[in-house]
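Reviewing the structure listed below.
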Amino acid sequence: MEQEFASSLLENAVSAFASLPGIGRKTALRLVLHLLKQNEQDVTAFGEAFIKLRREIQYCTVCHNISESAVCPICSSPSRDASTVCVVENVKDVMSIENTQQHHGLYHVLGGLISPMDGVGPQDIEIDSLVNRVAQGGVKEVILALSATMEGDTTNFYIFRRLAPYPDVKITMLARGVSVGNEIEYTDSLTLGRSILNRTPFQDSFSTNQ
């Protein structure tokens, strides 16, 4: 039975928090009551932080990572190896791999994985822009750092086929220290770091699976 509130303002605030993933109504109520105990200035700053984020955040025109400018700090950094591009599903995966401090190249954020069951095809994610990056030259290695799931493997294979016209570009994938079925963001930094260092040619993996 849904809890009734004496105030519609309280109810609306609880419903707003409860709309977030992983937040139930009891937790939402606890968060709202906590905010009510804070001074108005702090609560205003809290709300404005999200408004500013939504209005000003951009996506990098090169790699599609979140950014405050047209080109993100990673893509614009002269210290990064622009010849190596690590392909990931989402922004959280960029953060996970960065935490390993083992990848010194650039990234390419797909924004999803191919999943026919969910109606997500190659045209719905940033694969064409990846192929265009490779076609422009300068990329020597593409690391496929996608989750070891059916959707991840399907996307890996599709990208491998799309990049076949560029034989000088080495295509590698994470070593299977990342357990099959695991999401990248939930893999510990040590395991993920070793997987980056011990990445294997994608062609070898494909041949083994035949």
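In the structure tokens, chains take letters A, B, ... by order of appearance, with residues numbered from 1 within each chain and ligands from 1 in the order shown.
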**Report entry** Every residue of range 54-180 of chain A that DSSP places in helix (DSSP H, G or I), as number ranges by chain
**Finding:** A: 54-56, 73-76, 91-100, 116-118, 122-124, 128-135, 150-162
Query raised in the report: Ile114 in chain A: which residues within 8 Å, counting only C-alpha atoms, same-chain residues fewer than 2 positions away excluded, as a ChimeraX atom specification?
Result: /A:112,116,120-122,125,151-152,154-155
Query raised in the report: Pick the closest to Tyr158 in chain A from A:Leu113, A:Arg133, A:Ala82, A:Ser195: which is it, counting only C-alpha atoms?
Result: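 Closest to Tyr158 in chain A, using only C-alpha atoms: A:Leu113.
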Report task. Give the strand (DSSP E) residues of range 79-123 of chain A, as assigned by DSSP on the backbone, as a list in words. Result -> Asp81, Ala82, Ser83, Thr84, Val85, Cys86, Val87, Val88, Gly105, Leu106, Tyr107, His108 and Val109 of chain A
Write a file of the just-selected residues containing N, CA, C and O atoms, as a compact mmCIF listing (two decimals), in the first residue's frame.
```
# COMPACT_ATOMS: atom_id res chain seq x y z
N ASP A 81 48.11 8.56 -25.95
CA ASP A 81 48.52 7.90 -27.18
C ASP A 81 47.32 7.84 -28.13
O ASP A 81 46.45 6.99 -27.99
N ALA A 82 47.31 8.72 -29.13
CA ALA A 82 46.18 8.82 -30.05
C ALA A 82 46.12 7.64 -31.03
O ALA A 82 45.13 7.49 -31.75
N SER A 83 47.15 6.80 -31.06
CA SER A 83 47.16 5.67 -31.99
C SER A 83 46.41 4.47 -31.43
O SER A 83 46.17 3.50 -32.15
N THR A 84 46.02 4.54 -30.15
CA THR A 84 45.31 3.44 -29.51
C THR A 84 43.94 3.92 -29.04
O THR A 84 43.84 4.89 -28.30
N VAL A 85 42.90 3.25 -29.50
CA VAL A 85 41.53 3.63 -29.14
C VAL A 85 40.85 2.47 -28.44
O VAL A 85 40.78 1.36 -28.97
N CYS A 86 40.39 2.72 -27.23
CA CYS A 86 39.71 1.71 -26.42
C CYS A 86 38.20 1.90 -26.57
O CYS A 86 37.66 2.95 -26.21
N VAL A 87 37.52 0.89 -27.09
CA VAL A 87 36.08 0.98 -27.34
C VAL A 87 35.32 0.45 -26.12
O VAL A 87 35.54 -0.69 -25.69
N VAL A 88 34.44 1.27 -25.57
CA VAL A 88 33.67 0.89 -24.39
C VAL A 88 32.18 1.13 -24.65
O VAL A 88 31.80 1.83 -25.58
N GLY A 105 45.83 5.46 -23.93
CA GLY A 105 45.35 5.92 -25.23
C GLY A 105 44.06 6.69 -25.10
O GLY A 105 43.74 7.26 -24.05
N LEU A 106 43.28 6.70 -26.17
CA LEU A 106 42.00 7.40 -26.21
C LEU A 106 40.85 6.40 -26.06
O LEU A 106 41.08 5.19 -25.93
N TYR A 107 39.63 6.90 -26.09
CA TYR A 107 38.44 6.07 -25.94
C TYR A 107 37.47 6.31 -27.08
O TYR A 107 37.56 7.30 -27.81
N HIS A 108 36.53 5.39 -27.20
CA HIS A 108 35.38 5.60 -28.08
C HIS A 108 34.18 4.99 -27.36
O HIS A 108 34.13 3.78 -27.12
N VAL A 109 33.22 5.83 -26.99
CA VAL A 109 32.05 5.40 -26.23
C VAL A 109 30.91 5.09 -27.21
O VAL A 109 30.41 5.98 -27.89
```
**Report entry** Residue contacts of Glu56 in chain A (12 Å, only C-alpha atoms) excluding same-chain residues fewer than 5 positions away, as number ranges by chain
**Finding:** A: 48-51, 66-70
**Report entry** Which of A:Ser7, A:Ser129, A:Thr172, A:Ser147 sits closest to Pro201 in chain A [using only C-alpha atoms]
**Finding:**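 The answer is A:Thr172, which sits nearest to Pro201 in chain A.
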Query raised in the report: Can you tell me how far CA of Leu29 in chain A sits from CA of Ser15 in chain A, in Å to one decimal?
Result: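 A separation of 8.7 Å between them.
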Query - Nearby residues (only C-alpha atoms) at most 9 Å from Cys72 in chain A, same-chain spacing under 3 positions excluded, as a PyMOL selection string - result: chain A and resi 58-69+75-77
With all heavy atoms retained, export the selected residues as a CSV table (one decimal), in the first residue's frame.
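Output file out_18.csv follows:
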```
chain,number,residue,atom,x,y,z
A,58,GLN,N,28.2,18.3,-22.1
A,58,GLN,CA,28.2,18.0,-23.5
A,58,GLN,C,28.7,16.6,-23.7
A,58,GLN,O,29.2,15.9,-22.8
A,58,GLN,CB,29.1,19.0,-24.3
A,58,GLN,CG,28.7,20.5,-24.1
A,58,GLN,CD,29.6,21.4,-24.9
A,58,GLN,OE1,29.9,21.1,-26.1
A,58,GLN,NE2,30.1,22.4,-24.3
A,59,TYR,N,28.7,16.2,-25.0
A,59,TYR,CA,29.4,14.9,-25.3
A,59,TYR,C,30.5,15.2,-26.3
A,59,TYR,O,30.3,15.9,-27.3
A,59,TYR,CB,28.3,13.9,-25.9
A,59,TYR,CG,27.4,13.4,-24.9
A,59,TYR,CD1,26.2,14.0,-24.6
A,59,TYR,CD2,27.7,12.2,-24.1
A,59,TYR,CE1,25.3,13.5,-23.7
A,59,TYR,CE2,26.9,11.8,-23.2
A,59,TYR,CZ,25.7,12.4,-22.9
A,59,TYR,OH,24.8,11.9,-22.0
A,60,CYS,N,31.6,14.7,-26.0
A,60,CYS,CA,32.8,14.9,-26.9
A,60,CYS,C,32.5,14.6,-28.3
A,60,CYS,O,32.0,13.5,-28.6
A,60,CYS,CB,34.0,14.1,-26.3
A,60,CYS,SG,35.5,14.2,-27.3
A,61,THR,N,32.9,15.5,-29.2
A,61,THR,CA,32.6,15.2,-30.6
A,61,THR,C,33.5,14.2,-31.2
A,61,THR,O,33.3,13.7,-32.3
A,61,THR,CB,32.8,16.5,-31.4
A,61,THR,OG1,34.1,17.1,-31.2
A,61,THR,CG2,31.8,17.6,-31.0
A,62,VAL,N,34.6,13.8,-30.5
A,62,VAL,CA,35.5,12.8,-31.0
A,62,VAL,C,35.1,11.4,-30.4
A,62,VAL,O,34.9,10.5,-31.2
A,62,VAL,CB,37.0,13.1,-30.6
A,62,VAL,CG1,37.9,12.0,-31.0
A,62,VAL,CG2,37.4,14.5,-31.1
A,63,CYS,N,35.0,11.3,-29.1
A,63,CYS,CA,34.9,10.0,-28.5
A,63,CYS,C,33.5,9.7,-27.9
A,63,CYS,O,33.2,8.6,-27.5
A,63,CYS,CB,36.0,9.7,-27.5
A,63,CYS,SG,35.7,10.7,-25.9
A,64,HIS,N,32.7,10.8,-27.8
A,64,HIS,CA,31.3,10.7,-27.2
A,64,HIS,C,31.3,10.5,-25.7
A,64,HIS,O,30.3,10.2,-25.1
A,64,HIS,CB,30.5,9.6,-27.9
A,64,HIS,CG,30.6,9.6,-29.4
A,64,HIS,ND1,30.0,10.7,-30.1
A,64,HIS,CD2,31.2,8.8,-30.3
A,64,HIS,CE1,30.2,10.5,-31.4
A,64,HIS,NE2,30.9,9.3,-31.5
A,65,ASN,N,32.4,10.8,-25.0
A,65,ASN,CA,32.5,10.8,-23.6
A,65,ASN,C,31.8,12.1,-23.1
A,65,ASN,O,31.8,13.1,-23.8
A,65,ASN,CB,33.9,10.7,-23.1
A,65,ASN,CG,34.1,10.5,-21.6
A,65,ASN,OD1,33.1,10.1,-20.9
A,65,ASN,ND2,35.2,10.7,-21.0
A,66,ILE,N,31.4,12.1,-21.8
A,66,ILE,CA,30.8,13.4,-21.3
A,66,ILE,C,31.9,14.4,-21.2
A,66,ILE,O,33.1,14.1,-20.9
A,66,ILE,CB,30.1,13.2,-20.0
A,66,ILE,CG1,31.0,12.6,-18.9
A,66,ILE,CG2,28.8,12.4,-20.2
A,66,ILE,CD1,30.3,12.5,-17.6
A,67,SER,N,31.6,15.7,-21.4
A,67,SER,CA,32.6,16.7,-21.4
A,67,SER,C,32.0,18.1,-21.1
A,67,SER,O,30.8,18.2,-21.2
A,67,SER,CB,33.3,16.7,-22.8
A,67,SER,OG,34.2,17.8,-22.8
A,68,GLU,N,32.8,19.0,-20.7
A,68,GLU,CA,32.3,20.4,-20.5
A,68,GLU,C,32.7,21.2,-21.7
A,68,GLU,O,32.4,22.4,-21.8
A,68,GLU,CB,33.0,21.0,-19.2
A,68,GLU,CG,32.5,20.3,-17.9
A,68,GLU,CD,33.1,21.0,-16.7
A,68,GLU,OE1,33.6,22.1,-16.8
A,68,GLU,OE2,33.1,20.3,-15.6
A,69,SER,N,33.3,20.6,-22.7
A,69,SER,CA,33.7,21.3,-23.9
A,69,SER,C,33.5,20.4,-25.1
A,69,SER,O,33.1,19.2,-25.0
A,69,SER,CB,35.2,21.8,-23.9
A,69,SER,OG,36.0,20.7,-23.6
A,75,CYS,N,40.7,13.4,-24.9
A,75,CYS,CA,41.0,13.5,-26.4
A,75,CYS,C,41.9,14.6,-26.7
A,75,CYS,O,42.7,14.6,-27.6
A,75,CYS,CB,39.7,13.6,-27.2
A,75,CYS,SG,38.7,12.1,-27.3
A,76,SER,N,41.9,15.7,-25.9
A,76,SER,CA,42.7,16.9,-26.2
A,76,SER,C,44.0,16.9,-25.5
A,76,SER,O,44.9,17.7,-25.7
A,76,SER,CB,41.9,18.2,-25.7
A,76,SER,OG,41.6,18.1,-24.3
A,77,SER,N,44.3,15.8,-24.6
A,77,SER,CA,45.5,15.7,-23.9
A,77,SER,C,46.7,15.3,-24.8
A,77,SER,O,46.6,14.2,-25.4
A,77,SER,CB,45.4,14.8,-22.7
A,77,SER,OG,46.7,14.6,-22.1
```
